[in-house]
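A.B. asks: One file is attached below, entry.cif, containing mmCIF, C-alpha atoms.
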data_structure
#
loop_
_atom_site.label_atom_id
_atom_site.label_comp_id
_atom_site.auth_asym_id
_atom_site.auth_seq_id
_atom_site.Cartn_x
_atom_site.Cartn_y
_atom_site.Cartn_z
CA MET A 1 62.14 -35.91 -26.31
CA SER A 2 63.82 -36.30 -29.69
CA VAL A 3 66.75 -38.72 -30.56
CA SER A 4 69.05 -38.38 -33.62
CA LEU A 5 71.60 -40.90 -35.01
CA VAL A 6 75.06 -39.43 -35.70
CA PRO A 7 77.17 -41.44 -38.29
CA ASP A 8 80.98 -41.58 -38.50
CA ALA A 9 83.15 -40.67 -41.51
CA GLN A 10 82.35 -43.96 -43.22
CA GLY A 11 78.63 -43.43 -42.68
CA GLN A 12 78.34 -46.05 -40.05
CA PRO A 13 76.25 -45.39 -36.86
CA SER A 14 78.49 -43.78 -34.32
CA TYR A 15 76.28 -42.44 -31.46
CA PHE A 16 72.90 -40.94 -30.63
CA VAL A 17 72.07 -37.33 -29.63
CA ALA A 18 69.01 -36.86 -27.45
CA GLN A 19 67.11 -33.58 -26.74
CA ILE A 20 64.75 -33.19 -23.84
CA GLN A 21 62.43 -30.14 -23.60
CA ASP A 22 60.20 -29.19 -20.66
CA ILE A 23 56.74 -28.68 -22.18
CA THR A 24 54.78 -28.59 -18.93
CA ASP A 25 53.61 -25.00 -19.41
CA ARG A 26 52.64 -25.62 -23.01
CA LYS A 27 50.63 -28.73 -22.11
CA GLN A 28 48.86 -26.82 -19.35
CA THR A 29 48.04 -24.05 -21.78
CA GLU A 30 46.75 -26.52 -24.34
CA ALA A 31 44.68 -28.26 -21.68
CA ALA A 32 43.25 -24.93 -20.56
CA LEU A 33 42.38 -24.04 -24.16
CA ASP A 34 40.74 -27.43 -24.62
CA ASP A 35 38.74 -26.95 -21.41
CA ARG A 36 37.73 -23.47 -22.54
CA LYS A 37 36.60 -24.81 -25.88
CA LEU A 38 34.53 -27.42 -24.10
CA ALA A 39 33.16 -24.89 -21.62
CA TYR A 40 32.31 -22.21 -24.18
CA PRO A 41 29.16 -23.91 -25.51
CA ALA A 42 27.97 -24.51 -21.94
CA LEU A 43 28.76 -20.91 -21.01
CA ARG A 44 27.00 -19.66 -24.10
CA SER A 45 23.99 -21.81 -23.22
CA CYS A 46 23.93 -20.40 -19.66
CA GLU A 47 24.09 -16.84 -20.96
CA ASP A 48 21.25 -17.48 -23.40
CA GLU A 49 19.19 -19.11 -20.65
CA PHE A 50 19.80 -16.18 -18.30
CA ARG A 51 18.77 -13.70 -20.99
CA VAL A 52 15.56 -15.59 -21.71
CA LEU A 53 14.73 -15.83 -18.01
CA SER A 54 15.60 -12.20 -17.41
CA GLU A 55 13.51 -10.91 -20.29
CA ALA A 56 10.53 -13.02 -19.20
CA SER A 57 10.88 -12.21 -15.50
CA PRO A 58 7.90 -10.50 -13.81
CA VAL A 59 10.45 -8.66 -11.64
CA GLY A 60 12.68 -5.89 -12.92
CA ILE A 61 16.37 -6.83 -13.06
CA PHE A 62 19.32 -4.49 -13.58
CA ARG A 63 23.08 -4.51 -13.23
CA VAL A 64 25.57 -1.74 -12.56
CA ASN A 65 29.35 -1.51 -12.77
CA PRO A 66 31.62 -0.88 -9.75
CA GLN A 67 31.22 2.88 -10.27
CA GLY A 68 27.42 2.66 -9.99
CA GLY A 69 26.67 3.13 -13.67
CA CYS A 70 23.86 1.04 -15.13
CA ILE A 71 24.97 -1.49 -17.77
CA TYR A 72 21.87 -3.67 -18.09
CA THR A 73 18.10 -3.57 -17.53
CA ASN A 74 15.53 -6.17 -18.46
CA PRO A 75 12.22 -5.29 -20.15
CA ARG A 76 10.27 -5.45 -16.86
CA ALA A 77 12.56 -2.90 -15.20
CA GLN A 78 12.13 -0.64 -18.22
CA ALA A 79 8.33 -0.94 -18.04
CA ILE A 80 8.20 -0.24 -14.30
CA CYS A 81 10.49 2.80 -14.41
CA GLY A 82 9.38 4.16 -17.77
CA TYR A 83 12.77 4.28 -19.51
CA THR A 84 14.33 2.47 -22.46
CA PHE A 85 17.46 0.32 -22.30
CA GLU A 86 19.57 3.15 -23.71
CA GLU A 87 18.05 5.82 -21.44
CA ALA A 88 18.89 3.83 -18.30
CA LEU A 89 22.58 3.35 -19.13
CA GLY A 90 25.12 5.07 -16.92
CA HIS A 91 23.31 7.35 -14.52
CA GLY A 92 20.48 8.04 -16.95
CA TRP A 93 18.04 6.11 -14.77
CA ILE A 94 18.23 8.90 -12.20
CA ASN A 95 16.27 11.14 -14.58
CA PHE A 96 13.25 8.86 -14.13
CA VAL A 97 13.26 9.02 -10.33
CA HIS A 98 10.76 11.47 -8.82
CA PRO A 99 12.54 14.80 -8.20
CA GLU A 100 11.56 14.74 -4.51
CA ASP A 101 13.25 11.34 -4.07
CA ARG A 102 16.40 11.83 -6.13
CA GLN A 103 18.76 13.42 -3.63
CA LEU A 104 17.99 11.06 -0.74
CA HIS A 105 17.78 7.96 -2.92
CA PHE A 106 20.93 8.69 -4.95
CA SER A 107 23.03 9.55 -1.88
CA ARG A 108 21.97 6.34 -0.09
CA TRP A 109 22.61 4.36 -3.26
CA LEU A 110 26.13 5.77 -3.70
CA GLN A 111 26.87 5.13 -0.04
CA ALA A 112 25.91 1.45 -0.40
CA VAL A 113 27.89 1.10 -3.64
CA THR A 114 30.98 2.68 -2.10
CA ALA A 115 30.80 0.41 0.94
CA ASN A 116 30.11 -2.71 -1.16
CA GLN A 117 26.93 -3.30 0.81
CA GLU A 118 23.43 -4.44 -0.02
CA PHE A 119 20.84 -1.74 -0.60
CA MET A 120 17.07 -1.75 -0.18
CA GLY A 121 14.66 1.15 -0.47
CA GLU A 122 11.40 2.45 -1.91
CA VAL A 123 11.34 5.20 -4.49
CA ARG A 124 8.83 6.77 -6.83
CA SER A 125 9.43 6.43 -10.55
CA LEU A 126 8.21 9.31 -12.73
CA HIS A 127 7.31 8.36 -16.29
CA ARG A 128 7.54 10.89 -19.09
CA ASP A 129 3.72 10.89 -19.37
CA GLY A 130 3.41 11.93 -15.72
CA ILE A 131 2.46 8.51 -14.33
CA ILE A 132 4.01 7.79 -10.92
CA ARG A 133 4.83 4.25 -9.86
CA PHE A 134 6.04 3.17 -6.43
CA CYS A 135 9.06 0.86 -6.66
CA ARG A 136 10.90 -1.34 -4.18
CA ILE A 137 14.58 -1.69 -5.08
CA LYS A 138 17.08 -4.25 -3.77
CA THR A 139 20.73 -4.57 -4.80
CA ALA A 140 23.63 -6.81 -3.83
CA PRO A 141 27.37 -6.60 -4.70
CA ILE A 142 28.97 -9.12 -7.08
CA PHE A 143 32.53 -10.33 -6.46
CA SER A 144 34.92 -12.25 -8.70
CA ASP A 145 36.78 -15.42 -7.68
CA GLN A 146 39.61 -13.14 -6.58
CA LYS A 147 37.19 -11.28 -4.24
CA GLU A 148 37.24 -8.19 -6.43
CA LEU A 149 34.07 -6.12 -6.82
CA ILE A 150 32.79 -6.41 -10.38
CA GLY A 151 29.46 -4.61 -9.92
CA HIS A 152 26.02 -4.85 -8.38
CA VAL A 153 22.89 -6.72 -9.40
CA GLY A 154 19.46 -5.51 -8.37
CA THR A 155 15.72 -6.09 -8.62
CA ILE A 156 12.81 -3.67 -8.99
CA GLU A 157 9.25 -4.48 -7.89
CA ASP A 158 6.20 -2.39 -8.69
CA ILE A 159 4.40 -1.95 -5.36
CA THR A 160 1.91 0.70 -6.54
CA GLU A 161 -1.09 -1.63 -6.34
CA MET A 162 0.17 -3.08 -3.07
CA ARG A 163 0.28 0.38 -1.50
CA ALA A 164 -3.19 1.18 -2.85
CA ILE A 165 -4.59 -2.05 -1.36
CA GLU A 166 -2.92 -1.29 1.97
CA LYS A 167 -4.47 2.19 1.97
CA MET A 168 -7.90 0.76 1.14
CA LYS A 169 -7.54 -1.80 3.92
CA ASN A 170 -6.68 0.87 6.48
CA GLU A 171 -9.56 3.07 5.34
CA PHE A 172 -11.91 0.08 5.44
CA ILE A 173 -10.89 -0.80 8.98
CA SER A 174 -11.30 2.83 10.05
CA VAL A 175 -14.78 3.11 8.53
CA VAL A 176 -15.94 -0.24 9.85
CA SER A 177 -14.72 0.44 13.37
CA HIS A 178 -16.45 3.83 13.36
CA GLU A 179 -19.70 2.47 11.92
CA LEU A 180 -19.92 -0.41 14.38
CA ARG A 181 -18.71 1.39 17.48
CA THR A 182 -21.73 3.72 17.74
CA PRO A 183 -24.56 1.13 17.81
CA LEU A 184 -22.46 -1.08 20.09
CA ALA A 185 -22.02 1.84 22.48
CA SER A 186 -25.77 2.48 22.44
CA ILE A 187 -26.56 -1.18 23.14
CA ARG A 188 -23.97 -1.28 25.90
CA GLY A 189 -25.34 1.89 27.48
CA SER A 190 -28.95 0.73 27.42
CA LEU A 191 -28.16 -2.69 28.83
CA GLY A 192 -25.79 -1.12 31.35
CA LEU A 193 -28.57 1.05 32.73
CA LEU A 194 -30.84 -1.96 33.06
CA ALA A 195 -28.15 -4.06 34.71
CA SER A 196 -27.31 -1.33 37.20
CA GLY A 197 -30.84 -1.42 38.62
CA ARG A 198 -31.32 2.34 38.27
CA LEU A 199 -34.49 1.75 36.24
CA ASP A 200 -36.06 -0.88 38.49
CA ASN A 201 -38.70 1.61 39.60
CA GLN A 202 -39.19 3.04 36.11
CA PRO A 203 -40.69 0.19 34.07
CA GLN A 204 -41.66 2.36 31.11
CA LYS A 205 -38.15 3.80 30.76
CA ALA A 206 -36.64 0.34 31.24
CA ARG A 207 -38.88 -1.02 28.50
CA ARG A 208 -37.81 1.86 26.27
CA MET A 209 -34.12 1.03 26.93
CA LEU A 210 -34.80 -2.53 25.83
CA GLU A 211 -36.51 -1.28 22.67
CA ILE A 212 -33.54 0.97 21.88
CA ALA A 213 -31.13 -1.92 22.41
CA ALA A 214 -33.24 -4.15 20.15
CA LEU A 215 -33.44 -1.51 17.40
CA ASP A 216 -29.69 -0.87 17.53
CA THR A 217 -29.04 -4.61 17.49
CA GLU A 218 -31.09 -4.99 14.32
CA ARG A 219 -29.33 -2.00 12.77
CA LEU A 220 -25.97 -3.48 13.78
CA VAL A 221 -26.86 -6.77 12.09
CA ARG A 222 -27.77 -4.92 8.90
CA LEU A 223 -24.48 -2.99 9.01
CA VAL A 224 -22.49 -6.20 9.45
CA ASN A 225 -24.35 -7.82 6.55
CA GLN A 226 -23.55 -4.84 4.36
CA ILE A 227 -19.90 -4.98 5.39
CA LEU A 228 -19.74 -8.68 4.56
CA ASP A 229 -21.40 -8.17 1.18
CA LEU A 230 -18.44 -9.21 -0.98
CA GLU A 231 -20.19 -8.26 -4.20
CA ARG A 232 -20.65 -4.71 -2.91
CA LEU A 233 -17.02 -4.57 -1.80
CA GLU A 234 -15.79 -5.69 -5.21
CA SER A 235 -17.93 -3.15 -7.06
CA GLY A 236 -17.02 -0.40 -4.60
CA LYS A 237 -20.65 0.73 -4.48
CA ILE A 238 -23.09 1.08 -1.59
CA VAL A 239 -26.64 -0.02 -2.34
CA LEU A 240 -29.13 2.16 -0.51
CA ALA A 241 -32.31 0.48 0.75
CA LYS A 242 -34.64 3.47 0.37
CA HIS A 243 -38.15 3.63 1.76
CA SER A 244 -40.54 6.25 3.08
CA CYS A 245 -39.56 7.55 6.52
CA ASN A 246 -40.65 10.30 8.86
CA VAL A 247 -37.87 12.77 9.68
CA ALA A 248 -39.08 13.18 13.26
CA THR A 249 -38.82 9.42 13.84
CA LEU A 250 -35.29 9.28 12.45
CA MET A 251 -34.18 12.24 14.58
CA GLN A 252 -35.70 10.74 17.71
CA GLN A 253 -34.03 7.37 17.10
CA ALA A 254 -30.67 9.09 16.61
CA ILE A 255 -31.09 11.00 19.88
CA GLU A 256 -32.04 7.85 21.77
CA ALA A 257 -29.03 5.99 20.32
CA VAL A 258 -26.58 8.40 21.99
CA GLN A 259 -28.65 9.23 25.07
CA CYS A 260 -26.70 6.93 27.38
CA PHE A 261 -23.41 8.20 26.00
CA ALA A 262 -24.56 11.79 26.59
CA GLU A 263 -25.70 11.11 30.17
CA GLU A 264 -22.29 9.64 31.02
CA ALA A 265 -20.67 12.83 29.69
CA ASN A 266 -23.22 15.06 31.51
CA ILE A 267 -24.49 16.43 28.19
CA THR A 268 -28.13 17.34 27.58
CA LEU A 269 -29.63 16.33 24.24
CA THR A 270 -32.51 18.34 22.85
CA VAL A 271 -34.36 17.59 19.62
CA PHE A 272 -36.73 19.78 17.58
CA PRO A 273 -38.28 17.16 15.30
CA LEU A 274 -39.55 17.94 11.83
CA SER A 275 -42.58 15.85 10.87
CA ILE A 276 -42.18 15.31 7.14
CA GLU A 277 -42.00 12.20 4.97
CA ILE A 278 -38.81 11.56 2.99
CA PHE A 279 -37.60 8.70 0.76
CA VAL A 280 -34.22 7.59 2.13
CA ASP A 281 -32.18 4.72 3.56
CA SER A 282 -33.16 5.07 7.21
CA ASP A 283 -30.12 3.16 8.53
CA ARG A 284 -27.73 5.49 6.70
CA ILE A 285 -29.52 8.63 7.85
CA ILE A 286 -29.63 7.47 11.47
CA GLN A 287 -25.99 6.43 11.33
CA THR A 288 -24.99 9.84 9.98
CA LEU A 289 -26.97 11.68 12.66
CA VAL A 290 -25.64 9.39 15.39
CA ASN A 291 -22.05 9.99 14.28
CA LEU A 292 -22.57 13.76 14.31
CA LEU A 293 -24.28 13.70 17.70
CA ALA A 294 -21.65 11.40 19.18
CA ASN A 295 -18.89 13.74 18.03
CA ALA A 296 -20.78 16.73 19.38
CA VAL A 297 -21.11 15.05 22.77
CA LYS A 298 -17.48 13.98 22.72
CA PHE A 299 -16.14 17.47 22.05
CA SER A 300 -18.54 19.45 24.25
CA PRO A 301 -17.70 20.44 27.82
CA SER A 302 -19.64 18.92 30.67
CA GLY A 303 -22.99 20.63 31.24
CA SER A 304 -23.47 21.67 27.62
CA THR A 305 -26.59 21.15 25.55
CA VAL A 306 -26.52 19.62 22.09
CA ILE A 307 -29.51 20.51 19.94
CA LEU A 308 -30.64 18.57 16.89
CA SER A 309 -33.03 20.39 14.59
CA ALA A 310 -34.04 20.21 10.93
CA GLU A 311 -35.85 22.32 8.36
CA VAL A 312 -36.82 22.04 4.72
CA GLN A 313 -34.23 23.47 2.37
CA ASN A 314 -35.37 25.77 -0.41
CA ASP A 315 -34.34 24.43 -3.83
CA ASN A 316 -33.87 27.99 -5.07
CA LYS A 317 -30.11 28.41 -5.49
CA ASP A 318 -30.41 32.16 -4.99
CA SER A 319 -31.93 31.70 -1.57
CA LYS A 320 -29.67 32.89 1.23
CA GLU A 321 -31.29 30.59 3.76
CA THR A 322 -29.06 27.80 5.01
CA PRO A 323 -30.60 24.68 6.59
CA ARG A 324 -29.55 24.00 10.15
CA ARG A 325 -28.24 20.45 10.52
CA LEU A 326 -26.71 20.34 13.97
CA GLN A 327 -26.80 23.14 16.47
CA GLY A 328 -25.60 23.70 19.99
CA ASP A 329 -23.18 25.99 21.78
CA THR A 330 -21.73 27.70 18.72
CA GLN A 331 -18.35 27.98 20.35
CA ASN A 332 -18.19 24.23 20.97
CA ILE A 333 -20.18 22.70 18.13
CA GLY A 334 -20.29 25.26 15.36
CA ASN A 335 -16.54 25.08 14.75
CA ILE A 336 -16.72 21.32 14.39
CA PHE A 337 -19.73 21.25 12.10
CA PRO A 338 -19.84 24.50 10.11
CA PRO A 339 -23.06 25.19 8.13
#
Could you rewrite the structure in this file as structure tokens?

C.D. replies:
Amino acid sequence: MSVSLVPDAQGQPSYFVAQIQDITDRKQTEAALDDRKLAYPALRSCEDEFRVLSEASPVGIFRVNPQGGCIYTNPRAQAICGYTFEEALGHGWINFVHPEDRQLHFSRWLQAVTANQEFMGEVRSLHRDGIIRFCRIKTAPIFSDQKELIGHVGTIEDITEMRAIEKMKNEFISVVSHELRTPLASIRGSLGLLASGRLDNQPQKARRMLEIAALDTERLVRLVNQILDLERLESGKIVLAKHSCNVATLMQQAIEAVQCFAEEANITLTVFPLSIEIFVDSDRIIQTLVNLLANAVKFSPSGSTVILSAEVQNDNKDSKETPRRLQGDTQNIGNIFPP
């Protein structure tokens, strides 16, 4: 409001003129500008903090516009995928996706972007030096206060080592179960025969079944100790306990270990022992022979004969002689264990 004095002809005060102006909009604008000025330092601080956190994040972070074009990647995302900041912009990041994954991954990605939905998937990243990394990608849409889509934000995790560990774990479980199953089956078979009473009138054979069970129990204990040897697991190496052994003894022990299994399958086991001294890890040799014999019994028809024989191999590379390792009905066993 402004008020002005209006004088008369003699210069004496005559009346006042008042003006009133609505400045509501202007005051609101000024207040908004003042608030913005106050908020700018805080906003700037938040942006700086986000940038620092993003650049130091152990997880890859990226952002795309509503059309699906990349507008930001942090250093970790660049390291995982093998591209630079500039190379990833727009749809440049697609060039660093493994060719076999591009079509499926890009179509699913566009479908999620178009539908304003979250996206999650695994894709292989192909670096320019040929290195392949397995990545897990997650994205989520970003909306403004007016509920308008302003883009997507996403994360990238390198799961290459995780997949390798998972593969090693599965292989470890497979090997351990196979290694332990055979001596357990032998012990179970020997004790089962004794418990059934079928050997009550055959004391010598019953005593031999007990000896086989005891030997397999000791071998099983050694296998478990080797499996639980954390130092060996970390180094990835198997330490062989070598000593002088007679081949005939090893072959006979292997035959006896699967004898019960073979009788249940109505398979005859025949051994042609070779009496010769060798310097080996007896547990490993027996385990190998037992695994081969067990497979032979498993895949042979009832009534077949599985033969285990051995011979000395000539060191002459030009020799055409091939050592026989496991023989039987060639139609049943030879195809499983070729020379």

A.B. asks: Tell me which protein, DNA and RNA residues are within 10 Å of A:Arg219, counting all atoms listed in the file, leaving out same-chain ones fewer than 6 positions away, and put them as a list in words.

C.D. replies: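 Returned residues: Leu180, Pro183, Ala213, Asn225, Ser282, Asp283, Arg284, Ile286 and Gln287 of chain A.
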
A.B. asks: Translate the PyMOL selection byres ((chain A and resi 186) around 8) into a concrete residue list for this structure, as a PyMOL selection string.

C.D. replies: chain A and resi 182-185+187-190+212-213+216+257-261

A.B. asks: Neighbouring residues of A:Gln19 were defined as those with any atom within 10 Å, considering only C-alpha atoms; residues of the same chain fewer than 5 positions away were excluded. Please report them as a PyMOL selection string.

C.D. replies: chain A and resi 1-4

A.B. asks: Using the chain letters and numbers from this file, what does the PyMOL selection byres ((chain A and resi 104-120) around 7) select? Give the answer as a PyMOL selection string.

C.D. replies: chain A and resi 68+101-103+121+137-141

A.B. asks: Closest to A:Ile285 among A:His243, A:Arg136, A:Arg207, A:Lys298, using all atoms listed in the file?

C.D. replies: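 The shortest atom-to-atom distance to A:Ile285 comes from A:His243.
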
A.B. asks: Enter the distance from atom CA of A:Ala241 to atom CA of A:Phe279, in Å, rounded to one decimal.

C.D. replies: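 Rounded to one decimal, the two atoms are 9.8 Å apart.
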
A.B. asks: If you measure from atom CA of A:Val221 to atom CA of A:His178, what distance in Å do you get, rounded to one decimal?

C.D. replies: 14.9 Å

A.B. asks: When the PyMOL selection byres ((chain A and resi 158) around 9) is applied to the file above, which residues end up in the set, as a PyMOL selection string?

C.D. replies: chain A and resi 59-60+80-81+133-136+156-157+159-162

A.B. asks: By how many Å are atom CA of A:Gly82 and atom CA of A:Gln67 apart?

C.D. replies: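 These two atoms are separated by 23.1 Å.
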
A.B. asks: Quick one: residues within 12 Å of A:Glu55, all atoms listed in the file counted, chain neighbours fewer than 4 positions away excluded, as a PyMOL selection string?

C.D. replies: chain A and resi 48-51+59-62+72-79

A.B. asks: Give me the residues within 7 Å of stretch 272-275 of chain A as a PyMOL selection string, counting only C-alpha atoms and dropping any in the same chain fewer than 6 places off.

C.D. replies: chain A and resi 246-248+251+308-311
